[in-house]
Amino acid sequence: MKHQMVLILDFGGQYDQLIARRVREAKVYCEILPYNTSIERIKSLNPKGIILTGGPASVNEEGAPFCDRELFELGIPVLGICYGMQLMSVMLGGEVAEARQREYGKTDIRLDTSSALFYGIEPNTYSWMSHTYYVSRMPDGFRATASSASCPVAAMEDKKRKLYGVQFHPEVEHTPEGKTMLNNFLYKVCGCAGDWEMSSFIESAVEEIRGKVKDGSVLCALSGGIDSSVAALLAHKAVGDRLTCIFVDHGLLRKNEADQVENVFRNRFNMNFIRIDAADRFLGRLAGVTDPEQKRKIIGEEFIRVFEEQAKKLGKIDYLVQGTIYPDVVESGVGNSAVIKSHHNVGGLPVNIEFKGILEPLKALFKDEVRKVGRELKLPEEIVARQPFPGPGLAVRIIGEISRERLEIVREADHIFREEIEKAGLAKEISQYFAVLTSLKSVGVMGDERTYDNVVALRAVVTTHFMTANWARIPYDVLERASSRIVNEVKGVNRVVYDITTKPPATIEWE
Ligand code: XMP
C-alpha cells in the first residue's frame with residue numbers, strides 16, 4: 001500500500017524533525033528532503049502538500065538557500081514556516097526587511113480565523129517567534145492573516161494558489177494552537193486522508209520484506225534494544241523460520257538483561273535465536289584498557305568479529321536486517337552535514353560476510369513510531385519502553401579499568417538504583433537513569449572499622465532528544481533509599497554521590 005505523502009523541504013532549521021513528527025502524529029506520512037531537491041524528483045513523489053522549513057540564513061544575503069521557483073506553480077499547497085515564508089515572499093515578488101529588534105519567544109498574535117489555516121482557533125492566541133527579518137511587503141495575491149505587535153505579517157495566504165506562510169513556529173509546544181494549524185493545513189488545505197497508521201505500516205513492511213527475500217534466508221544482529229528488536233519482529237512475521245537472530249552477549253549488559261532478551265525472543269516469539277556468551281573474549285581484550293575511545297573501538301571490532309564467525313557457521317545468508325531508523329538517514333538540507341549511515345554495517349562497522357542485500361524496515365520511522373509498532377507486535381513493555389543503553393554497555397560506566405569484580409559492583413548498584421526509581425513511580429518521568437563506578441576510592445567507616453572503598457555515582461537525566469539534558473530532581477528520600485541500599489548491599493562501595501551536571505557541559509554518560 002502506498003501512503004499519501006507530504007514533503008518537507010529542509011532549510012536547516014532546528015525544528016525540522018519536529019515538523020515531520022507533528023505531521024506523522026496527524027497520521028500523514030512525510031519525508032524530509034534537502035531544500036534544493038530537483039523539481040522532477042518533487043513531482044515524481046506526488047506530494048499532497050509541501051512544507052518549507054525555517055533556517056538560519058537570511059533570504060536577502062548572498063548565497064541564501066533557494067528552492068526551485070516552479071514549486072509554487074505546481075498547484076500543490078505550500079506552507080512556508082519562518083524562513084520558508086520569507087523565502088516564498090521574496091521568490092514571488094514581495095520583500096523582506098530586517099527588524100530593529102529580534103522577536104524571540106512567546107508572542108501574542110491576532111489571527112484572522114476566516115483563513116483555513118486558523119479554522120476553529122480563537123482569534124487571540126500566542127505563538128513562538130524566533131526571527132530578525134520579517135515580510136515587509138507581501139507578493140501580489142497575498143493577504144495578511146495574522147499579526148503581532150512588531151510583525152504586521154505574522155501569517156499570510158494566497159488562497160487561490162494554495163500558498164500559506166507563518167512567521168512563527170507552529171511545530172513547537174510553545175505555540176499552543178500549532179497542532180491545530182498544522183492539522184488544518186494537512187486536512188483542510190491539502191485534503192489529506194490521514195492514512196498513516198502503524199497497523200497498515202506493519203502490513204506493507206511485511207509484504208515488502210517477503211517480496212524481496214522470497215524463499216531466501218535472513219540474519220539479524222539483535223541487541224535487545226528497541227530498534228533491532230522491532231526490525232527482527234517484522235522480519236520474523238515476514239519469513240518466519242528463515243530468520244536467524246544472533247545475540248552477542250559481550251558481558252557488559254545490565255543485570256538479568258541477556259536472560260530477558262533470550263526469554264522474549266526464543267521462548268515468547270519462538271525465533272531461531274543464537275546467544276553467544278562472549279564475555280571472556282571481550283573482557284580479555286579490554287584488560288588494562290582505560291581510555292574511553294579505545295574501549296569503544298575494541299568493543300565495536302570484537303562485536304563484528306564474533307558476529308561474522310557465527311554468520312559464517314550458518315552458511316549462506318541472503319539478507320541482513322537492521323534497525324536503522326529515520327533520524328539516522330535524514331539528509332540535511334544545509335551545509336555539508338548530509339550524514340547517511342554507511343549501509344553495510346552492523347553497529348556502525350562494516351561486516352565481512354557475503355549477502356545479497358540489506359533490509360531496513362524501520363528506516364522511515366521515528367523512535368516513537370518504532371515503539372508503537374513494537375507494541376502493536378506485542379513486544380513486551382520491558383523492551384518497548386527500555387531506556388537507551390550505549391552499545392559498549394557498562395564498559396563506559398566503569399571509569400578506568402574493567403574487571404569482572406568492578407562489573408559486578410556497577411551492575412548491582414545500577415540494579416538497585418533502577419529498582420528504587422521504578423518503585424517510586426518515577427520511571428516514566430526520567431529519560432535515563434543509571435549508576436557509574438568511578439575510579440575513586442574514599443575513606444569511610446562501617447561498624448567500628450575504617451574502610452577504603454569505591455565511590456559510585458548516580459546519574460539521572462530528563463531530556464527529549466538527548467542532545468541536551470537536565471539532571472532529574474529526584475526526591476531526597478528516593479536518593480536516600482538508593483544510597484543506603486547500595487552501600488549496604490553492594491560489597492566494595494562505601495560512598496554514593498549524585499551527579500548534578502547538565503548537558504552541556506557534561507555528557508550524559510561519564511565516558
Ligand atoms: P552522551 O553521553 O553523549 O549520550 O550525552 C547521549 C546518549 O547516547 C547514548 N550513548 C551511546 N549509545 N553507543 C550507543 O549506542 C555509544 O557508544 C553511546 N554513548 C552514549 C547515551 O546513553 C545517551 O542516551
# chains A, B, ... in the order shown; residues from 1 in each chain; ligands from 1
call {"tool": "residues_near_ligand", "arguments": {"ligand": "ligand 1", "cutoff": "7 Å", "atoms": "only C-alpha atoms and all ligand atoms", "output": "compact mmCIF listing (two decimals) with N, CA and C atoms, in the first residue's frame"}}
result
# COMPACT_ATOMS: atom_id res chain seq x y z
N ARG A 296 35.57 1.76 23.35
CA ARG A 296 34.52 1.71 22.32
C ARG A 296 35.00 1.00 21.07
N PRO A 388 17.50 4.22 26.70
CA PRO A 388 18.65 3.97 25.85
C PRO A 388 19.82 3.39 26.65
N PHE A 389 20.54 2.51 26.01
CA PHE A 389 21.69 1.89 26.67
C PHE A 389 22.82 1.86 25.64
N PRO A 390 23.98 2.41 25.97
CA PRO A 390 25.03 2.51 24.96
C PRO A 390 25.50 1.14 24.48
N GLY A 391 25.82 1.04 23.20
CA GLY A 391 26.31 -0.21 22.63
C GLY A 391 27.46 -0.81 23.44
N PRO A 392 28.45 -0.01 23.85
CA PRO A 392 29.57 -0.56 24.63
C PRO A 392 29.18 -0.91 26.07
N GLN A 432 16.63 8.79 31.44
CA GLN A 432 17.70 7.80 31.55
C GLN A 432 18.27 7.87 32.97
N PHE A 466 18.13 13.97 23.90
CA PHE A 466 19.46 13.50 24.33
C PHE A 466 20.63 14.37 23.85
N MET A 467 20.33 15.46 23.11
CA MET A 467 21.40 16.37 22.70
C MET A 467 21.72 17.32 23.85
N LYS A 503 23.75 18.70 30.57
CA LYS A 503 24.46 18.51 29.32
C LYS A 503 23.99 19.60 28.38
N THR A 507 28.46 15.33 29.43
CA THR A 507 27.64 14.44 28.62
C THR A 507 26.78 13.62 29.58
N ILE A 508 25.87 12.83 29.02
CA ILE A 508 25.02 12.02 29.88
C ILE A 508 25.86 10.88 30.48
N GLU A 509 26.54 10.15 29.62
CA GLU A 509 27.44 9.10 30.11
C GLU A 509 28.70 9.77 30.66
N TRP A 510 29.42 9.03 31.49
CA TRP A 510 30.65 9.60 32.05
C TRP A 510 31.86 9.36 31.16
N GLU A 511 31.72 8.40 30.24
CA GLU A 511 32.85 8.16 29.33
C GLU A 511 32.36 8.23 27.90
call {"tool": "select_by_dssp", "arguments": {"residues": "stretch 78-151 of chain A", "states": "alpha helix (DSSP H)", "output": "list in words"}}
result
Tyr83, Gly84, Met85, Gln86, Leu87, Met88, Ser89, Val90 and Met91 of chain A
call {"tool": "residues_around", "arguments": {"residues": "A:Leu71", "least_positions_apart": "6", "cutoff": "10 Å", "atoms": "only C-alpha atoms", "output": "list in words"}}
result
Ser38, Ile39, Ile42, Lys43, Ile50, Pro77 and Val78 of chain A
call {"tool": "write_last_selection", "arguments": {"atoms": "all heavy atoms", "output": "PDB file, in the first residue's frame"}}
result
ATOM      1  N   SER A  38      15.484  18.454  -6.738  1.00  0.00           N
ATOM      2  CA  SER A  38      15.066  18.896  -8.079  1.00  0.00           C
ATOM      3  C   SER A  38      13.549  18.816  -8.221  1.00  0.00           C
ATOM      4  O   SER A  38      12.875  18.012  -7.579  1.00  0.00           O
ATOM      5  CB  SER A  38      15.716  18.018  -9.146  1.00  0.00           C
ATOM      6  OG  SER A  38      15.097  16.748  -9.124  1.00  0.00           O
ATOM      7  N   ILE A  39      13.047  19.675  -9.104  1.00  0.00           N
ATOM      8  CA  ILE A  39      11.598  19.734  -9.306  1.00  0.00           C
ATOM      9  C   ILE A  39      11.084  18.408  -9.884  1.00  0.00           C
ATOM     10  O   ILE A  39       9.974  17.970  -9.570  1.00  0.00           O
ATOM     11  CB  ILE A  39      11.221  20.958 -10.194  1.00  0.00           C
ATOM     12  CG1 ILE A  39       9.764  21.317 -10.001  1.00  0.00           C
ATOM     13  CG2 ILE A  39      11.552  20.741 -11.639  1.00  0.00           C
ATOM     14  CD1 ILE A  39       9.469  22.014  -8.718  1.00  0.00           C
ATOM     15  N   ILE A  42      10.624  16.111  -7.015  1.00  0.00           N
ATOM     16  CA  ILE A  42       9.454  16.519  -6.226  1.00  0.00           C
ATOM     17  C   ILE A  42       8.168  16.066  -6.922  1.00  0.00           C
ATOM     18  O   ILE A  42       7.284  15.484  -6.306  1.00  0.00           O
ATOM     19  CB  ILE A  42       9.455  18.051  -6.013  1.00  0.00           C
ATOM     20  CG1 ILE A  42      10.630  18.433  -5.099  1.00  0.00           C
ATOM     21  CG2 ILE A  42       8.131  18.524  -5.428  1.00  0.00           C
ATOM     22  CD1 ILE A  42      10.835  19.921  -4.908  1.00  0.00           C
ATOM     23  N   LYS A  43       8.122  16.283  -8.240  1.00  0.00           N
ATOM     24  CA  LYS A  43       6.917  15.883  -8.979  1.00  0.00           C
ATOM     25  C   LYS A  43       6.723  14.374  -8.895  1.00  0.00           C
ATOM     26  O   LYS A  43       5.604  13.880  -8.754  1.00  0.00           O
ATOM     27  CB  LYS A  43       7.049  16.286 -10.451  1.00  0.00           C
ATOM     28  CG  LYS A  43       6.757  17.761 -10.711  1.00  0.00           C
ATOM     29  CD  LYS A  43       6.702  17.963 -12.225  1.00  0.00           C
ATOM     30  CE  LYS A  43       6.968  19.383 -12.620  1.00  0.00           C
ATOM     31  NZ  LYS A  43       7.382  19.529 -14.010  1.00  0.00           N
ATOM     32  N   ILE A  50       3.456  20.642   0.476  1.00  0.00           N
ATOM     33  CA  ILE A  50       4.893  20.858   0.674  1.00  0.00           C
ATOM     34  C   ILE A  50       5.066  21.847   1.822  1.00  0.00           C
ATOM     35  O   ILE A  50       4.372  22.861   1.881  1.00  0.00           O
ATOM     36  CB  ILE A  50       5.545  21.425  -0.609  1.00  0.00           C
ATOM     37  CG1 ILE A  50       5.373  20.430  -1.771  1.00  0.00           C
ATOM     38  CG2 ILE A  50       7.026  21.735  -0.382  1.00  0.00           C
ATOM     39  CD1 ILE A  50       5.828  20.957  -3.123  1.00  0.00           C
ATOM     40  N   PRO A  77      -0.439  22.576  -2.541  1.00  0.00           N
ATOM     41  CA  PRO A  77      -0.392  23.532  -1.423  1.00  0.00           C
ATOM     42  C   PRO A  77       0.996  23.603  -0.802  1.00  0.00           C
ATOM     43  O   PRO A  77       1.674  22.588  -0.652  1.00  0.00           O
ATOM     44  CB  PRO A  77      -1.390  22.954  -0.427  1.00  0.00           C
ATOM     45  CG  PRO A  77      -2.275  22.055  -1.210  1.00  0.00           C
ATOM     46  CD  PRO A  77      -1.456  21.532  -2.340  1.00  0.00           C
ATOM     47  N   VAL A  78       1.411  24.836  -0.464  1.00  0.00           N
ATOM     48  CA  VAL A  78       2.718  25.038   0.170  1.00  0.00           C
ATOM     49  C   VAL A  78       2.516  25.811   1.470  1.00  0.00           C
ATOM     50  O   VAL A  78       1.759  26.785   1.502  1.00  0.00           O
ATOM     51  CB  VAL A  78       3.673  25.829  -0.752  1.00  0.00           C
ATOM     52  CG1 VAL A  78       5.024  26.047  -0.065  1.00  0.00           C
ATOM     53  CG2 VAL A  78       3.865  25.134  -2.094  1.00  0.00           C
TER      54      VAL A  78
END
call {"tool": "residues_around", "arguments": {"residues": "stretch 485-499 of chain A", "least_positions_apart": "6", "cutoff": "12 Å", "atoms": "only C-alpha atoms", "output": "count of residues only"}}
result
58
call {"tool": "closest_residue", "arguments": {"among": "A:Lys378, A:Lys160, A:Lys367, A:His174", "to": "A:Lys106", "atoms": "only C-alpha atoms"}}
result
A:His174
call {"tool": "atom_distance", "arguments": {"atom1": "atom CA of A:Ile399", "atom2": "atom CA of A:Ile500"}}
result
17.8 Å
call {"tool": "residues_around", "arguments": {"residues": "A:Ala20", "least_positions_apart": "5", "cutoff": "12 Å", "atoms": "only C-alpha atoms", "output": "compact mmCIF listing (two decimals) with N, CA and C atoms, in the first residue's frame"}}
result
# COMPACT_ATOMS: atom_id res chain seq x y z
N MET A 5 1.68 11.33 0.77
CA MET A 5 2.83 11.92 1.47
C MET A 5 2.88 13.43 1.37
N VAL A 6 3.47 14.00 2.40
CA VAL A 6 3.73 15.44 2.41
C VAL A 6 5.24 15.59 2.42
N LEU A 7 5.71 16.54 1.64
CA LEU A 7 7.14 16.73 1.51
C LEU A 7 7.59 17.91 2.38
N ILE A 8 8.66 17.71 3.13
CA ILE A 8 9.20 18.81 3.94
C ILE A 8 10.55 19.18 3.35
N LEU A 9 10.66 20.40 2.87
CA LEU A 9 11.95 20.83 2.31
C LEU A 9 12.75 21.52 3.42
N ASP A 10 13.95 21.02 3.62
CA ASP A 10 14.75 21.36 4.79
C ASP A 10 15.72 22.51 4.49
N TYR A 15 14.09 22.97 14.12
CA TYR A 15 12.89 22.20 14.48
C TYR A 15 12.41 21.29 13.35
N GLU A 25 2.27 12.49 13.45
CA GLU A 25 1.28 12.34 14.52
C GLU A 25 -0.12 12.61 14.01
N ALA A 26 -0.21 13.47 12.99
CA ALA A 26 -1.51 13.77 12.40
C ALA A 26 -1.91 12.68 11.39
N LYS A 27 -1.16 11.56 11.41
CA LYS A 27 -1.45 10.40 10.56
C LYS A 27 -1.22 10.67 9.08
N VAL A 28 -0.29 11.56 8.79
CA VAL A 28 0.07 11.81 7.40
C VAL A 28 1.55 11.46 7.25
N TYR A 29 1.86 10.63 6.29
CA TYR A 29 3.26 10.25 6.06
C TYR A 29 4.01 11.43 5.45
N CYS A 30 5.24 11.67 5.89
CA CYS A 30 6.00 12.76 5.31
C CYS A 30 7.47 12.39 5.24
N GLU A 31 8.18 13.06 4.39
CA GLU A 31 9.63 12.87 4.31
C GLU A 31 10.31 14.22 4.27
N ILE A 32 11.52 14.26 4.83
CA ILE A 32 12.32 15.48 4.80
C ILE A 32 13.35 15.34 3.69
N LEU A 33 13.39 16.30 2.79
CA LEU A 33 14.41 16.28 1.74
C LEU A 33 15.13 17.63 1.71
N ILE A 50 3.46 20.64 0.48
CA ILE A 50 4.89 20.86 0.67
C ILE A 50 5.07 21.85 1.82
N ILE A 51 5.98 21.55 2.74
CA ILE A 51 6.27 22.47 3.84
C ILE A 51 7.71 22.95 3.68
N LEU A 52 7.89 24.27 3.70
CA LEU A 52 9.25 24.83 3.65
C LEU A 52 9.61 25.17 5.09
N THR A 53 10.73 24.68 5.57
CA THR A 53 11.05 24.83 6.99
C THR A 53 11.71 26.19 7.28
N PRO A 170 4.67 26.79 14.31
CA PRO A 170 3.51 26.02 14.80
C PRO A 170 3.91 24.65 15.35
N GLU A 171 5.12 24.19 15.01
CA GLU A 171 5.51 22.83 15.38
C GLU A 171 5.97 22.70 16.84
N VAL A 172 6.30 23.83 17.50
CA VAL A 172 6.80 23.72 18.87
C VAL A 172 5.65 23.84 19.88
N LYS A 179 -0.61 22.67 16.68
CA LYS A 179 -1.04 21.36 16.14
C LYS A 179 -2.29 21.52 15.29
N LEU A 182 -1.33 23.03 11.95
CA LEU A 182 -0.73 22.05 11.03
C LEU A 182 -1.80 21.07 10.53
N TYR A 326 14.65 6.54 10.99
CA TYR A 326 14.65 7.73 10.13
C TYR A 326 15.67 8.80 10.51
N PRO A 327 15.78 9.18 11.79
CA PRO A 327 16.77 10.21 12.12
C PRO A 327 18.20 9.83 11.69
N VAL A 330 18.11 10.84 7.59
CA VAL A 330 17.65 12.12 7.04
C VAL A 330 18.81 12.86 6.43
N ALA A 364 11.98 4.53 7.70
CA ALA A 364 11.12 5.71 7.54
C ALA A 364 10.51 6.14 8.87
N LEU A 365 10.86 5.48 9.97
CA LEU A 365 10.15 5.73 11.23
C LEU A 365 10.96 6.54 12.25
N PHE A 366 10.25 7.34 13.02
CA PHE A 366 10.84 7.97 14.19
C PHE A 366 10.76 7.00 15.37
N GLU A 369 7.46 6.12 16.75
CA GLU A 369 6.70 5.24 15.85
C GLU A 369 7.20 3.79 15.96
call {"tool": "select_by_dssp", "arguments": {"residues": "stretch 52-171 of chain A", "states": "strand (DSSP E or B)", "output": "PyMOL selection string"}}
result
chain A and resi 52+78-81+95-111+124-137+143-148+151-158+163-166
call {"tool": "residues_around", "arguments": {"residues": "A:Arg210", "least_positions_apart": "2", "cutoff": "12 Å", "atoms": "only C-alpha atoms", "output": "mmCIF file with N, CA, C and O atoms, in the first residue's frame"}}
result
data_model
loop_
_atom_site.group_PDB
_atom_site.id
_atom_site.type_symbol
_atom_site.label_atom_id
_atom_site.label_comp_id
_atom_site.auth_asym_id
_atom_site.auth_seq_id
_atom_site.Cartn_x
_atom_site.Cartn_y
_atom_site.Cartn_z
ATOM 1 N N GLU A 203 1.680 -4.080 7.883
ATOM 2 C CA GLU A 203 1.268 -4.879 6.725
ATOM 3 C C GLU A 203 2.171 -4.633 5.519
ATOM 4 O O GLU A 203 2.670 -5.574 4.901
ATOM 5 N N SER A 204 2.392 -3.352 5.212
ATOM 6 C CA SER A 204 3.182 -3.092 3.999
ATOM 7 C C SER A 204 4.656 -3.429 4.209
ATOM 8 O O SER A 204 5.324 -3.894 3.288
ATOM 9 N N ALA A 205 5.175 -3.230 5.436
ATOM 10 C CA ALA A 205 6.581 -3.569 5.679
ATOM 11 C C ALA A 205 6.798 -5.073 5.527
ATOM 12 O O ALA A 205 7.777 -5.522 4.935
ATOM 13 N N VAL A 206 5.852 -5.854 6.069
ATOM 14 C CA VAL A 206 5.971 -7.318 5.993
ATOM 15 C C VAL A 206 5.894 -7.778 4.536
ATOM 16 O O VAL A 206 6.692 -8.604 4.080
ATOM 17 N N GLU A 207 4.949 -7.210 3.802
ATOM 18 C CA GLU A 207 4.840 -7.553 2.374
ATOM 19 C C GLU A 207 6.120 -7.233 1.623
ATOM 20 O O GLU A 207 6.587 -8.003 0.787
ATOM 21 N N GLU A 208 6.678 -6.067 1.937
ATOM 22 C CA GLU A 208 7.890 -5.653 1.237
ATOM 23 C C GLU A 208 9.049 -6.618 1.520
ATOM 24 O O GLU A 208 9.798 -6.980 0.614
ATOM 25 N N LYS A 212 10.976 -9.074 -1.242
ATOM 26 C CA LYS A 212 12.420 -9.009 -1.504
ATOM 27 C C LYS A 212 13.088 -10.346 -1.249
ATOM 28 O O LYS A 212 13.865 -10.837 -2.047
ATOM 29 N N VAL A 213 12.784 -10.920 -0.100
ATOM 30 C CA VAL A 213 13.524 -12.103 0.366
ATOM 31 C C VAL A 213 13.109 -13.366 -0.399
ATOM 32 O O VAL A 213 13.909 -14.272 -0.605
ATOM 33 N N LYS A 214 11.854 -13.409 -0.843
ATOM 34 C CA LYS A 214 11.283 -14.615 -1.497
ATOM 35 C C LYS A 214 11.543 -15.842 -0.613
ATOM 36 O O LYS A 214 11.126 -15.840 0.533
ATOM 37 N N ASP A 215 12.275 -16.851 -1.125
ATOM 38 C CA ASP A 215 12.488 -18.002 -0.236
ATOM 39 C C ASP A 215 13.889 -17.991 0.376
ATOM 40 O O ASP A 215 14.408 -19.008 0.805
ATOM 41 N N GLY A 216 14.500 -16.815 0.417
ATOM 42 C CA GLY A 216 15.863 -16.682 0.941
ATOM 43 C C GLY A 216 15.907 -16.671 2.466
ATOM 44 O O GLY A 216 14.891 -16.784 3.150
ATOM 45 N N SER A 217 17.139 -16.533 2.993
ATOM 46 C CA SER A 217 17.324 -16.531 4.441
ATOM 47 C C SER A 217 17.741 -15.140 4.917
ATOM 48 O O SER A 217 18.319 -14.361 4.173
ATOM 49 N N VAL A 218 17.419 -14.862 6.175
ATOM 50 C CA VAL A 218 17.682 -13.528 6.739
ATOM 51 C C VAL A 218 18.404 -13.676 8.076
ATOM 52 O O VAL A 218 18.116 -14.577 8.858
ATOM 53 N N LEU A 234 9.512 -7.750 12.669
ATOM 54 C CA LEU A 234 8.908 -7.571 11.339
ATOM 55 C C LEU A 234 9.426 -8.639 10.379
ATOM 56 O O LEU A 234 8.661 -9.233 9.626
ATOM 57 N N ALA A 235 10.745 -8.858 10.432
ATOM 58 C CA ALA A 235 11.326 -9.862 9.541
ATOM 59 C C ALA A 235 10.774 -11.244 9.887
ATOM 60 O O ALA A 235 10.480 -12.052 9.005
ATOM 61 N N HIS A 236 10.586 -11.488 11.178
ATOM 62 C CA HIS A 236 10.057 -12.791 11.600
ATOM 63 C C HIS A 236 8.631 -12.997 11.098
ATOM 64 O O HIS A 236 8.269 -14.071 10.620
ATOM 65 N N LYS A 237 7.849 -11.942 11.189
ATOM 66 C CA LYS A 237 6.473 -12.008 10.682
ATOM 67 C C LYS A 237 6.474 -12.304 9.179
ATOM 68 O O LYS A 237 5.602 -12.991 8.668
ATOM 69 N N ALA A 238 7.485 -11.778 8.507
ATOM 70 C CA ALA A 238 7.533 -11.935 7.048
ATOM 71 C C ALA A 238 8.060 -13.309 6.626
ATOM 72 O O ALA A 238 7.518 -13.921 5.715
ATOM 73 N N VAL A 239 9.117 -13.790 7.264
ATOM 74 C CA VAL A 239 9.756 -15.012 6.749
ATOM 75 C C VAL A 239 9.841 -16.147 7.773
ATOM 76 O O VAL A 239 10.370 -17.215 7.456
ATOM 77 N N GLY A 240 9.339 -15.925 8.988
ATOM 78 C CA GLY A 240 9.285 -16.992 9.992
ATOM 79 C C GLY A 240 10.640 -17.606 10.280
ATOM 80 O O GLY A 240 11.604 -16.891 10.598
ATOM 81 N N ARG A 242 12.915 -18.690 8.538
ATOM 82 C CA ARG A 242 14.084 -18.384 7.705
ATOM 83 C C ARG A 242 14.869 -17.178 8.248
ATOM 84 O O ARG A 242 15.857 -16.755 7.675
ATOM 85 N N LEU A 243 14.400 -16.641 9.361
ATOM 86 C CA LEU A 243 15.164 -15.596 10.053
ATOM 87 C C LEU A 243 15.939 -16.224 11.209
ATOM 88 O O LEU A 243 15.396 -17.020 11.973
ATOM 89 N N TYR A 319 20.008 -12.088 3.227
ATOM 90 C CA TYR A 319 19.775 -10.701 3.650
ATOM 91 C C TYR A 319 20.155 -10.478 5.105
ATOM 92 O O TYR A 319 20.042 -11.382 5.920
ATOM 93 N N LEU A 359 18.048 -5.293 4.668
ATOM 94 C CA LEU A 359 16.657 -4.893 4.898
ATOM 95 C C LEU A 359 16.649 -3.887 6.040
ATOM 96 O O LEU A 359 17.201 -4.157 7.103
ATOM 97 N N PRO A 361 13.667 -2.184 7.577
ATOM 98 C CA PRO A 361 12.230 -1.918 7.554
ATOM 99 C C PRO A 361 11.809 -0.684 8.348
ATOM 100 O O PRO A 361 10.708 -0.188 8.161
#
call {"tool": "closest_residue", "arguments": {"among": "A:Val329, A:Val351, A:Met181, A:Met129", "to": "A:Ala116", "atoms": "only C-alpha atoms"}}
result
A:Met181
